[in-house]
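Chemist: See my_file_18.csv below, with CSV, C-alpha atoms and all ligand atoms.
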```csv
chain,number,residue,atom,x,y,z
J,1,MET,CA,-70.8,-73.2,-8.8
J,2,LEU,CA,-68.9,-70.1,-9.7
J,3,THR,CA,-65.3,-70.1,-10.9
J,4,PHE,CA,-63.7,-66.8,-11.1
J,5,LEU,CA,-60.6,-66.3,-13.2
J,6,LEU,CA,-59.0,-62.9,-13.3
J,7,LEU,CA,-56.6,-62.4,-16.2
J,8,LEU,CA,-54.3,-59.5,-17.0
J,9,PRO,CA,-55.3,-58.1,-20.3
J,10,ILE,CA,-52.8,-58.3,-23.1
J,11,ILE,CA,-52.6,-55.4,-25.5
J,12,VAL,CA,-52.3,-56.6,-29.1
J,13,PRO,CA,-52.2,-54.5,-32.3
J,14,GLY,CA,-55.5,-54.4,-34.1
J,15,THR,CA,-55.8,-54.2,-37.9
J,16,VAL,CA,-59.5,-53.8,-38.6
J,17,LEU,CA,-60.1,-51.3,-35.8
J,18,GLU,CA,-61.1,-48.5,-38.1
J,19,ALA,CA,-63.9,-50.6,-39.6
J,20,MET,CA,-65.3,-51.5,-36.2
J,21,LEU,CA,-65.7,-48.0,-34.8
J,22,PRO,CA,-68.2,-45.3,-35.7
J,23,PRO,CA,-67.3,-42.8,-38.4
J,24,ALA,CA,-64.8,-40.1,-37.7
J,25,VAL,CA,-67.4,-37.3,-38.0
J,26,ALA,CA,-69.1,-37.4,-34.6
J,27,SER,CA,-72.8,-36.9,-34.2
J,28,HIS,CA,-74.0,-34.6,-31.5
J,29,ALA,CA,-77.1,-33.9,-29.5
J,30,LEU,CA,-78.4,-31.0,-27.5
J,31,HIS,CA,-81.4,-32.0,-25.4
J,32,ILE,CA,-83.4,-30.3,-22.7
J,33,PHE,CA,-85.4,-32.3,-20.2
J,34,LEU,CA,-88.3,-30.8,-18.2
J,35,THR,CA,-90.3,-32.6,-15.6
J,36,LEU,CA,-93.4,-31.1,-14.0
J,37,ALA,CA,-94.8,-33.2,-11.1
J,38,PHE,CA,-98.1,-32.1,-9.7
J,39,PRO,CA,-98.8,-33.8,-6.3
J,40,ASN,CA,-102.0,-31.8,-6.0
J,41,SER,CA,-103.6,-28.7,-7.6
J,42,MET,CA,-101.7,-26.3,-5.3
J,43,ALA,CA,-98.1,-27.5,-5.8
J,44,VAL,CA,-95.7,-28.4,-8.6
J,45,GLU,CA,-92.1,-29.7,-8.6
J,46,VAL,CA,-90.0,-28.5,-11.5
J,47,THR,CA,-86.9,-30.3,-12.7
J,48,ILE,CA,-84.9,-29.1,-15.7
J,49,TYR,CA,-81.6,-30.2,-17.1
J,50,ALA,CA,-79.8,-29.8,-20.3
J,51,ALA,CA,-77.4,-32.3,-21.9
J,52,LEU,CA,-74.9,-32.1,-24.6
J,53,ASP,CA,-74.4,-35.6,-25.9
J,54,ASP,CA,-74.2,-37.6,-22.7
J,55,VAL,CA,-72.9,-34.7,-20.5
J,56,ILE,CA,-75.4,-33.0,-18.3
J,57,PHE,CA,-74.1,-29.4,-18.4
J,58,ALA,CA,-76.8,-27.2,-16.9
J,59,THR,CA,-79.7,-27.5,-14.5
J,60,GLN,CA,-82.1,-25.0,-12.8
J,61,GLN,CA,-82.4,-24.4,-9.1
J,62,GLN,CA,-85.9,-25.3,-8.1
J,63,HIS,CA,-86.5,-22.3,-5.8
J,64,THR,CA,-84.5,-19.4,-7.2
J,65,GLY,CA,-84.9,-20.5,-10.8
J,66,GLU,CA,-81.2,-19.7,-11.4
J,67,ILE,CA,-79.3,-21.6,-14.1
J,68,VAL,CA,-76.6,-23.8,-12.5
J,69,TYR,CA,-73.7,-24.4,-14.9
J,70,LEU,CA,-72.3,-27.9,-14.2
J,71,ARG,CA,-69.1,-27.6,-16.2
J,72,PRO,CA,-66.5,-24.8,-16.3
J,73,TRP,CA,-66.8,-24.5,-20.1
J,74,VAL,CA,-70.5,-23.9,-20.2
J,75,HIS,CA,-70.9,-20.3,-19.2
J,76,PRO,CA,-68.0,-18.9,-21.3
J,77,ALA,CA,-69.6,-20.6,-24.4
J,78,LEU,CA,-72.3,-17.9,-24.8
J,79,PRO,CA,-72.4,-14.2,-24.1
J,80,GLU,CA,-73.9,-13.2,-20.8
J,81,SER,CA,-76.8,-11.4,-22.7
J,82,GLN,CA,-77.7,-14.7,-24.4
J,83,TRP,CA,-77.8,-16.6,-21.1
J,84,GLU,CA,-80.1,-13.8,-19.7
J,85,TYR,CA,-82.4,-14.2,-22.7
J,86,LEU,CA,-82.5,-18.0,-22.4
J,87,HIS,CA,-83.2,-17.7,-18.6
J,88,ASP,CA,-86.1,-15.2,-19.1
J,89,LEU,CA,-87.5,-17.3,-22.0
J,90,PHE,CA,-87.4,-20.4,-19.9
J,91,LYS,CA,-89.0,-18.7,-16.9
J,92,ILE,CA,-91.9,-17.5,-19.0
J,93,TYR,CA,-92.3,-20.9,-20.7
J,94,VAL,CA,-92.3,-23.0,-17.5
J,95,HIS,CA,-94.6,-20.5,-15.8
J,96,ASN,CA,-97.1,-20.6,-18.6
J,97,LEU,CA,-96.8,-24.4,-19.0
J,98,ILE,CA,-97.6,-24.9,-15.4
J,99,LEU,CA,-100.7,-22.7,-15.6
J,100,LEU,CA,-101.9,-24.4,-18.8
J,101,LEU,CA,-101.4,-28.0,-17.6
J,102,ASN,CA,-102.8,-27.4,-14.1
J,103,GLY,CA,-105.7,-25.3,-15.5
J,104,ASP,CA,-106.6,-28.2,-17.9
J,105,ALA,CA,-106.5,-30.8,-15.1
J,106,LYS,CA,-108.6,-28.7,-12.7
J,107,GLN,CA,-111.2,-27.8,-15.4
J,108,HIS,CA,-111.5,-31.4,-16.6
J,109,HIS,CA,-111.2,-33.1,-13.2
J,110,GLU,CA,-108.1,-35.1,-14.1
J,111,PRO,CA,-107.0,-37.0,-11.0
J,112,TYR,CA,-103.9,-35.8,-9.1
J,113,PRO,CA,-101.0,-36.6,-8.8
J,114,PHE,CA,-99.7,-36.6,-12.4
J,115,VAL,CA,-96.5,-35.9,-14.2
J,116,TYR,CA,-95.7,-34.1,-17.4
J,117,GLN,CA,-92.3,-34.5,-19.1
J,118,SER,CA,-91.0,-32.7,-22.1
J,119,VAL,CA,-87.9,-33.4,-24.1
J,120,THR,CA,-86.8,-31.0,-26.8
J,121,GLY,CA,-83.7,-30.3,-28.7
J,122,CYS,CA,-81.7,-31.0,-31.8
J,123,ASP,CA,-79.4,-33.7,-33.2
J,124,LEU,CA,-76.5,-33.2,-35.7
J,125,HIS,CA,-75.9,-36.6,-37.4
J,126,SER,CA,-72.6,-37.9,-38.7
J,127,ASN,CA,-73.8,-37.6,-42.3
J,128,GLY,CA,-74.3,-33.9,-41.7
J,129,SER,CA,-78.1,-33.9,-41.5
J,130,TYR,CA,-79.8,-31.9,-38.7
J,131,THR,CA,-83.1,-32.9,-36.9
J,132,ARG,CA,-85.0,-31.3,-34.1
J,133,PHE,CA,-88.0,-32.3,-32.0
J,134,TYR,CA,-90.3,-31.5,-29.1
J,135,ARG,CA,-92.2,-34.3,-27.3
J,136,LEU,CA,-94.5,-34.2,-24.3
J,137,SER,CA,-95.5,-37.2,-22.2
J,138,TYR,CA,-98.2,-37.5,-19.5
J,139,ASN,CA,-97.7,-40.0,-16.7
J,140,GLY,CA,-95.0,-41.7,-18.7
J,141,ARG,CA,-97.0,-42.1,-21.9
J,142,ASP,CA,-96.2,-40.2,-25.1
J,143,LEU,CA,-98.8,-37.5,-25.5
J,144,ILE,CA,-98.1,-35.0,-28.2
J,145,THR,CA,-95.2,-34.1,-30.6
J,146,PHE,CA,-94.4,-31.0,-32.6
J,147,ASP,CA,-94.0,-31.1,-36.4
J,148,VAL,CA,-91.2,-28.5,-36.6
J,149,ASP,CA,-91.3,-28.1,-40.4
J,150,ARG,CA,-95.1,-27.5,-40.5
J,151,GLY,CA,-95.4,-25.8,-37.1
J,152,ARG,CA,-98.2,-28.3,-36.1
J,153,TRP,CA,-99.0,-30.2,-32.9
J,154,GLU,CA,-99.8,-33.8,-33.3
J,155,ASN,CA,-101.4,-36.3,-30.9
J,156,LEU,CA,-99.4,-39.4,-30.1
J,157,GLU,CA,-102.4,-41.1,-28.5
J,158,ALA,CA,-106.1,-41.0,-29.1
J,159,GLY,CA,-107.1,-39.9,-25.5
J,160,LYS,CA,-108.9,-36.6,-24.6
J,161,VAL,CA,-105.9,-35.2,-22.7
J,162,ALA,CA,-103.7,-35.4,-25.9
J,163,THR,CA,-106.4,-33.7,-28.0
J,164,ARG,CA,-106.9,-30.9,-25.4
J,165,ILE,CA,-103.2,-30.2,-24.8
J,166,ALA,CA,-102.4,-30.2,-28.5
J,167,THR,CA,-105.2,-27.6,-29.0
J,168,ALA,CA,-104.0,-25.6,-26.1
J,169,PHE,CA,-100.4,-25.6,-27.4
J,170,HIS,CA,-101.7,-24.5,-30.8
J,171,ASP,CA,-103.6,-21.6,-29.2
J,172,PHE,CA,-100.7,-20.7,-26.9
J,173,ILE,CA,-99.8,-17.3,-28.6
J,174,GLY,CA,-96.3,-17.3,-30.0
J,175,PHE,CA,-95.3,-20.7,-28.7
J,176,SER,CA,-95.1,-22.6,-32.0
J,177,VAL,CA,-93.2,-19.9,-33.8
J,178,THR,CA,-90.8,-19.3,-31.0
J,179,LEU,CA,-90.2,-23.0,-30.7
J,180,GLN,CA,-89.6,-23.3,-34.5
J,181,TYR,CA,-87.1,-20.5,-34.3
J,182,LEU,CA,-85.3,-21.9,-31.3
J,183,LEU,CA,-85.1,-25.4,-32.9
J,184,ASN,CA,-84.3,-24.2,-36.4
J,185,ASP,CA,-81.5,-21.9,-35.5
J,186,THR,CA,-80.7,-21.3,-31.9
J,187,CYS,CA,-80.3,-25.0,-31.0
J,188,LYS,CA,-77.8,-25.7,-33.7
J,189,ASP,CA,-75.8,-22.5,-33.1
J,190,HIS,CA,-75.6,-23.1,-29.3
J,191,MET,CA,-74.7,-26.7,-29.8
J,192,LYS,CA,-71.8,-25.8,-32.0
J,193,LYS,CA,-70.6,-23.1,-29.5
J,194,LEU,CA,-70.9,-25.5,-26.6
J,195,ILE,CA,-69.0,-28.3,-28.5
J,196,LEU,CA,-66.2,-25.9,-29.2
J,197,SER,CA,-66.0,-24.7,-25.6
J,198,GLY,CA,-66.3,-28.2,-24.1
J,199,LYS,CA,-64.1,-30.0,-26.6
J,200,LYS,CA,-61.6,-31.3,-24.0
J,201,ASP,CA,-64.3,-32.7,-21.8
J,202,LEU,CA,-66.4,-34.1,-24.6
J,203,GLU,CA,-63.4,-35.7,-26.3
J,204,ARG,CA,-62.2,-37.3,-23.1
J,205,GLN,CA,-60.8,-40.8,-23.6
J,206,VAL,CA,-60.8,-43.3,-20.8
J,207,LYS,CA,-59.5,-46.8,-21.3
J,208,PRO,CA,-61.6,-49.8,-20.5
J,209,ALA,CA,-60.8,-52.4,-17.8
J,210,ALA,CA,-61.8,-56.0,-18.7
J,211,VAL,CA,-62.0,-59.4,-16.9
J,212,VAL,CA,-63.0,-62.8,-18.2
J,213,PHE,CA,-64.6,-65.4,-16.0
J,214,ALA,CA,-66.7,-68.5,-16.3
J,215,ARG,CA,-70.0,-69.5,-14.8
J,216,THR,CA,-71.4,-73.0,-14.6
J,217,PRO,CA,-75.2,-72.5,-14.2
J,218,GLU,CA,-75.7,-76.3,-14.4
J,219,PRO,CA,-73.5,-79.3,-15.1
J,220,GLY,CA,-72.5,-79.5,-18.8
J,221,ARG,CA,-73.1,-75.8,-19.4
J,222,LEU,CA,-70.4,-73.2,-19.3
J,223,LEU,CA,-70.9,-69.5,-19.7
J,224,LEU,CA,-67.9,-67.4,-20.5
J,225,VAL,CA,-68.4,-63.8,-19.3
J,226,CYS,CA,-66.3,-60.8,-20.6
J,227,ARG,CA,-67.0,-57.8,-18.4
J,228,VAL,CA,-65.7,-54.4,-19.7
J,229,THR,CA,-66.1,-51.3,-17.7
J,230,GLY,CA,-64.9,-47.7,-17.0
J,231,PHE,CA,-64.6,-46.6,-20.6
J,232,TYR,CA,-65.4,-43.3,-22.3
J,233,PRO,CA,-66.8,-42.4,-24.9
J,234,ARG,CA,-69.6,-44.9,-25.2
J,235,PRO,CA,-68.9,-46.8,-28.5
J,236,VAL,CA,-67.1,-50.0,-27.9
J,237,SER,CA,-66.6,-53.4,-29.6
J,238,VAL,CA,-66.5,-56.6,-27.6
J,239,THR,CA,-66.1,-59.8,-29.4
J,240,TRP,CA,-65.2,-63.5,-28.6
J,241,LEU,CA,-62.5,-65.4,-30.4
J,242,ARG,CA,-62.7,-69.3,-30.7
J,243,ASP,CA,-59.4,-70.7,-31.7
J,244,GLY,CA,-58.5,-67.2,-32.9
J,245,GLU,CA,-61.6,-66.9,-35.1
J,246,GLU,CA,-64.2,-64.3,-34.3
J,247,VAL,CA,-67.5,-66.0,-33.1
J,248,PRO,CA,-70.2,-64.6,-35.4
J,249,PRO,CA,-73.5,-63.3,-33.9
J,250,GLY,CA,-75.9,-66.1,-33.0
J,251,PRO,CA,-77.8,-67.7,-30.1
J,252,GLU,CA,-74.7,-68.7,-28.2
J,253,LEU,CA,-73.7,-65.0,-27.9
J,254,ASN,CA,-75.4,-62.6,-25.6
J,255,SER,CA,-74.5,-59.0,-24.8
J,256,THR,CA,-75.9,-56.5,-22.4
J,257,PRO,CA,-76.6,-53.0,-23.6
J,258,ILE,CA,-73.9,-50.4,-22.9
J,259,LEU,CA,-74.9,-49.1,-19.5
J,260,PRO,CA,-73.7,-46.0,-17.7
J,261,ASN,CA,-71.6,-46.0,-14.6
J,262,ALA,CA,-72.0,-43.2,-12.0
J,263,ASP,CA,-68.8,-41.5,-13.0
J,264,LEU,CA,-69.8,-40.9,-16.6
J,265,THR,CA,-68.0,-43.9,-17.9
J,266,TYR,CA,-69.7,-47.0,-19.4
J,267,GLN,CA,-69.8,-50.7,-18.9
J,268,MET,CA,-71.1,-53.8,-20.7
J,269,ARG,CA,-70.7,-57.6,-20.7
J,270,SER,CA,-70.7,-60.2,-23.4
J,271,VAL,CA,-71.5,-63.8,-22.6
J,272,LEU,CA,-70.6,-66.8,-24.7
J,273,ALA,CA,-72.2,-70.2,-24.1
J,274,ALA,CA,-69.8,-73.1,-24.5
J,275,ALA,CA,-69.5,-76.7,-23.4
J,276,PRO,CA,-67.0,-77.5,-20.6
J,277,ARG,CA,-63.7,-79.0,-21.8
J,278,ASP,CA,-64.7,-78.7,-25.5
J,279,GLY,CA,-61.0,-78.5,-26.5
J,280,HIS,CA,-61.3,-75.0,-28.0
J,281,SER,CA,-59.4,-71.9,-26.9
J,282,TYR,CA,-61.4,-68.8,-26.1
J,283,ALA,CA,-60.5,-65.1,-25.8
J,284,CYS,CA,-62.4,-61.9,-25.5
J,285,ARG,CA,-61.3,-58.9,-27.6
J,286,VAL,CA,-62.1,-55.3,-26.7
J,287,ARG,CA,-61.7,-52.4,-29.1
J,288,HIS,CA,-62.2,-48.8,-28.0
J,289,SER,CA,-61.1,-45.4,-29.3
J,290,SER,CA,-59.0,-44.9,-26.2
J,291,LEU,CA,-56.8,-47.8,-27.2
J,292,GLY,CA,-55.9,-46.4,-30.5
J,293,ASP,CA,-54.9,-49.1,-33.0
J,294,TYR,CA,-54.5,-51.7,-30.2
J,295,SER,CA,-57.1,-53.9,-28.6
J,296,LEU,CA,-57.4,-55.7,-25.3
J,297,LEU,CA,-57.2,-59.5,-25.6
J,298,LEU,CA,-58.2,-61.6,-22.6
J,299,HIS,CA,-57.6,-65.3,-22.9
J,300,TRP,CA,-59.8,-67.7,-21.0
J,301,ALA,CA,-58.3,-71.0,-19.8
J,302,PRO,CA,-60.2,-73.7,-17.8
J,303,ALA,CA,-58.8,-74.0,-14.2
J,304,SER,CA,-55.9,-76.5,-14.1
J,305,PRO,CA,-56.0,-79.4,-11.7
J,306,LYS,CA,-56.0,-77.9,-8.2
J,307,PRO,CA,-52.8,-77.9,-6.2
J,308,GLN,CA,-54.6,-79.7,-3.3
J,309,HIS,CA,-54.9,-82.8,-5.4
J,310,VAL,CA,-51.2,-83.0,-5.8
J,311,ALA,CA,-50.8,-82.5,-2.0
J,312,TRP,CA,-53.2,-85.4,-1.2
J,313,ILE,CA,-51.4,-87.7,-3.6
J,314,VAL,CA,-48.0,-86.9,-1.9
J,315,ILE,CA,-49.6,-87.5,1.6
J,316,ALA,CA,-51.1,-90.8,0.4
J,317,VAL,CA,-47.7,-91.9,-1.0
J,318,ILE,CA,-46.0,-91.0,2.3
J,319,LEU,CA,-48.6,-92.8,4.4
J,320,ALA,CA,-48.4,-95.9,2.2
J,321,ALA,CA,-44.6,-95.9,2.4
J,322,SER,CA,-44.7,-95.4,6.2
J,323,ALA,CA,-47.1,-98.3,6.5
J,324,ALA,CA,-44.9,-100.5,4.4
J,325,VAL,CA,-41.8,-99.6,6.4
J,326,ALA,CA,-43.7,-100.2,9.7
J,327,GLY,CA,-45.0,-103.5,8.4
J,328,ALA,CA,-41.4,-104.5,7.3
J,329,VAL,CA,-40.0,-103.5,10.7
J,330,TRP,CA,-42.8,-105.5,12.6
J,331,TRP,CA,-42.2,-108.6,10.4
J,332,TRP,CA,-38.4,-108.4,10.9
J,333,ARG,CA,-38.7,-108.1,14.7
J,334,ARG,CA,-41.1,-111.1,14.8
J,335,ARG,CA,-38.6,-113.4,13.1
B,401,LIG,C1,-78.5,-39.2,-41.8
B,401,LIG,O1,-78.5,-39.9,-40.6
B,401,LIG,C2,-79.7,-39.9,-39.9
B,401,LIG,C3,-79.5,-40.7,-38.5
B,401,LIG,O2,-78.7,-41.8,-38.7
B,401,LIG,C4,-80.8,-40.5,-40.7
B,401,LIG,O3,-82.0,-40.5,-40.0
B,401,LIG,C5,-80.9,-39.7,-42.0
B,401,LIG,O4,-81.9,-40.3,-42.8
B,401,LIG,C6,-79.6,-39.6,-42.7
B,401,LIG,N1,-79.8,-38.6,-43.8
B,401,LIG,C7,-79.2,-38.8,-45.0
B,401,LIG,C8,-79.4,-37.7,-46.0
B,401,LIG,O5,-78.6,-39.8,-45.3
B,402,LIG,C1,-88.2,-23.4,-39.5
B,402,LIG,O1,-87.8,-24.3,-40.6
B,402,LIG,C2,-88.9,-24.7,-41.4
B,402,LIG,C3,-88.4,-25.6,-42.5
B,402,LIG,O2,-87.6,-26.6,-42.0
B,402,LIG,C4,-89.7,-23.6,-42.0
B,402,LIG,O3,-90.9,-24.1,-42.6
B,402,LIG,C5,-90.1,-22.6,-40.9
B,402,LIG,O4,-90.7,-21.4,-41.4
B,402,LIG,C6,-88.9,-22.2,-40.0
B,402,LIG,N1,-89.4,-21.4,-39.0
B,402,LIG,C7,-88.7,-20.4,-38.3
B,402,LIG,C8,-89.4,-19.6,-37.3
B,402,LIG,O5,-87.5,-20.3,-38.5
```
Show how you would write the structure in this file as structure tokens.

Modeler:
Amino acid sequence: MLTFLLLLPIIVPGTVLEAMLPPAVASHALHIFLTLAFPNSMAVEVTIYAALDDVIFATQQQHTGEIVYLRPWVHPALPESQWEYLHDLFKIYVHNLILLLNGDAKQHHEPYPFVYQSVTGCDLHSNGSYTRFYRLSYNGRDLITFDVDRGRWENLEAGKVATRIATAFHDFIGFSVTLQYLLNDTCKDHMKKLILSGKKDLERQVKPAAVVFARTPEPGRLLLVCRVTGFYPRPVSVTWLRDGEEVPPGPELNSTPILPNADLTYQMRSVLAAAPRDGHSYACRVRHSSLGDYSLLLHWAPASPKPQHVAWIVIAVILAASAAVAGAVWWWRRR
């Protein structure tokens, strides 16, 4: 049985909001994703996209190789000459990578189809530290990684493919040094310029919508569900209050991860296990940066006796009264 109770959220001032949300200094990430799918030795499908934090801002057209700017603030962030340089660099890199990976597969009779995926980029953490990385996977398994500080390629698994590709990358003239340079300096520089240019888009605030409802998976078990959706940015705090006190983490609490919606907002749900008619009051509290110092508070109340019950009682009383009157009339006539 499913009971569904939709409640209008009540906005209440929050006092400990600051403590619940991530630190004011935001962390940022600039990552580039490349997928090379080889259906056979004669063909390859290339997919490239670049993301700043969770915003995909650029991709590459498969046939023309042109960079497609997906947000209006991307192209103005860097001078035209820099975009041309990046475009040429990427063209050479992808071209050589395809030759290298396909050549290795042909020479060593690795079975087709197979997929290589690389992720590279840099992260600026809220404590001010800066990290960068390059990882390559083969058919979904991590294969090799780049030690940027030492300029060395390392195997992430013991297989022959990993050893061969790490050696080939090491021998790929200029690759390691160029990658070090790009990750040491260029990535950080471009990240900062893109953040500045896309500030309005990246700092977008979209308020969450929330509903509370109950499920009864079996008699004697009540699951209270708080579903929160449509918010941006990602960080959110969803807690349950029992008689006004926050329910601490434990086996009765269960939350989904924060999941993306299709429109670059996020959703999550938090489920609290309770006993039906346990006499407690429950509420779900949602805190999010878009709400400022306020939080959403959604009270849950068990469904009250259904109106139909009242109607049946009225009908029964009327029927009983009619029967009594009819009986009285019949008895009076018989006299
Ligand atoms: C900064 O934060 C990152 C990510 O949370 C962490 O890996 C790193 O160790 C921290 N560095 C310092 C100096 O605290
Ligand atoms: C990149 O930085 C590392 C230290 O973090 C340094 O060893 C290396 O020489 C630098 N390489 C380039 C090309 O900037």

Chemist: Collect all residues with atoms no farther than 8 Å from ligand LIG 401 (chain B), counting all atoms listed in the file, and output them as a list in words.

Modeler: His125, Ser126, Asn127, Gly128 and Ser129 of chain J

Chemist: At a cut-off of 7 Å, using all atoms listed in the file, what residues contact Phe146 in chain J? Leave out same-chain residues fewer than 3 positions from it and give the result as a ChimeraX atom specification.

Modeler: /J:133-135,151-154

Chemist: Put a box with edges along x, y and z around all the listed atoms of range 267-274 of chain J, pad it by 3 Å on each side, then give me its centre and sizes in Å, one decimal, as JSON.

Modeler:
```
{"center_x": -71.0, "center_y": -61.9, "center_z": -21.8, "size_x": 8.4, "size_y": 28.4, "size_z": 11.8}
```

Chemist: Residues within 9 Å of ligand LIG 402 (chain B) (only C-alpha atoms and all ligand atoms), as a short mmCIF file (atom, residue, chain, number, x, y, z; two decimals) with C-alpha atoms, in the frame of the given file?

Modeler:
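What follows is the written file pocket34.cif:
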```
data_model
loop_
_atom_site.label_atom_id
_atom_site.label_comp_id
_atom_site.auth_asym_id
_atom_site.auth_seq_id
_atom_site.Cartn_x
_atom_site.Cartn_y
_atom_site.Cartn_z
CA VAL J 148 -91.20 -28.50 -36.60
CA ASP J 149 -91.30 -28.10 -40.40
CA ARG J 150 -95.10 -27.50 -40.50
CA GLY J 151 -95.40 -25.80 -37.10
CA SER J 176 -95.10 -22.60 -32.00
CA VAL J 177 -93.20 -19.90 -33.80
CA THR J 178 -90.80 -19.30 -31.00
CA LEU J 179 -90.20 -23.00 -30.70
CA GLN J 180 -89.60 -23.30 -34.50
CA TYR J 181 -87.10 -20.50 -34.30
CA LEU J 182 -85.30 -21.90 -31.30
CA LEU J 183 -85.10 -25.40 -32.90
CA ASN J 184 -84.30 -24.20 -36.40
CA ASP J 185 -81.50 -21.90 -35.50
#
```

Chemist: Counting only C-alpha atoms, find residues at most 12 Å from (-70.0, -44.1, -29.1) (file frame) and give them as an MDAnalysis selection string.

Modeler: chainID J and resid 20:28 53:54 126 202:205 231:237 258:259 265:266 287:290

Chemist: How would range 115-121 of chain J look with all heavy atoms restored, written as a JSON list (two decimals), in the frame of the given file?

Modeler:
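Full text of out01.json as output:
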```json
[["chain", "number", "residue", "atom", "x", "y", "z"],
["J", 115, "VAL", "N", -97.80, -36.39, -13.76],
["J", 115, "VAL", "CA", -96.50, -35.90, -14.20],
["J", 115, "VAL", "C", -96.46, -35.62, -15.66],
["J", 115, "VAL", "O", -96.90, -36.47, -16.46],
["J", 115, "VAL", "CB", -95.37, -36.94, -13.85],
["J", 115, "VAL", "CG1", -93.99, -36.41, -14.23],
["J", 115, "VAL", "CG2", -95.38, -37.35, -12.39],
["J", 116, "TYR", "N", -95.99, -34.45, -16.03],
["J", 116, "TYR", "CA", -95.70, -34.10, -17.40],
["J", 116, "TYR", "C", -94.21, -34.08, -17.63],
["J", 116, "TYR", "O", -93.49, -33.55, -16.78],
["J", 116, "TYR", "CB", -96.31, -32.79, -17.84],
["J", 116, "TYR", "CG", -97.79, -32.84, -18.17],
["J", 116, "TYR", "CD1", -98.74, -32.49, -17.22],
["J", 116, "TYR", "CD2", -98.20, -33.22, -19.44],
["J", 116, "TYR", "CE1", -100.09, -32.53, -17.53],
["J", 116, "TYR", "CE2", -99.56, -33.25, -19.76],
["J", 116, "TYR", "CZ", -100.50, -32.90, -18.81],
["J", 116, "TYR", "OH", -101.83, -32.94, -19.12],
["J", 117, "GLN", "N", -93.73, -34.62, -18.75],
["J", 117, "GLN", "CA", -92.30, -34.50, -19.10],
["J", 117, "GLN", "C", -92.15, -34.09, -20.50],
["J", 117, "GLN", "O", -92.83, -34.64, -21.38],
["J", 117, "GLN", "CB", -91.62, -35.88, -18.86],
["J", 117, "GLN", "CG", -91.48, -36.27, -17.40],
["J", 117, "GLN", "CD", -91.11, -37.72, -17.26],
["J", 117, "GLN", "OE1", -91.90, -38.60, -17.57],
["J", 117, "GLN", "NE2", -89.90, -37.96, -16.81],
["J", 118, "SER", "N", -91.29, -33.11, -20.72],
["J", 118, "SER", "CA", -91.00, -32.70, -22.10],
["J", 118, "SER", "C", -89.54, -32.90, -22.41],
["J", 118, "SER", "O", -88.70, -32.73, -21.53],
["J", 118, "SER", "CB", -91.46, -31.29, -22.37],
["J", 118, "SER", "OG", -90.48, -30.38, -21.93],
["J", 119, "VAL", "N", -89.26, -33.32, -23.61],
["J", 119, "VAL", "CA", -87.90, -33.40, -24.10],
["J", 119, "VAL", "C", -87.87, -32.64, -25.42],
["J", 119, "VAL", "O", -88.72, -32.88, -26.29],
["J", 119, "VAL", "CB", -87.44, -34.85, -24.40],
["J", 119, "VAL", "CG1", -85.93, -34.88, -24.61],
["J", 119, "VAL", "CG2", -87.84, -35.78, -23.30],
["J", 120, "THR", "N", -86.93, -31.73, -25.53],
["J", 120, "THR", "CA", -86.80, -31.00, -26.80],
["J", 120, "THR", "C", -85.35, -30.78, -27.10],
["J", 120, "THR", "O", -84.50, -30.87, -26.20],
["J", 120, "THR", "CB", -87.56, -29.63, -26.67],
["J", 120, "THR", "OG1", -87.47, -28.95, -27.91],
["J", 120, "THR", "CG2", -86.97, -28.74, -25.58],
["J", 121, "GLY", "N", -85.05, -30.55, -28.35],
["J", 121, "GLY", "CA", -83.70, -30.30, -28.70],
["J", 121, "GLY", "C", -83.38, -30.66, -30.14],
["J", 121, "GLY", "O", -84.30, -30.78, -30.96]]
```
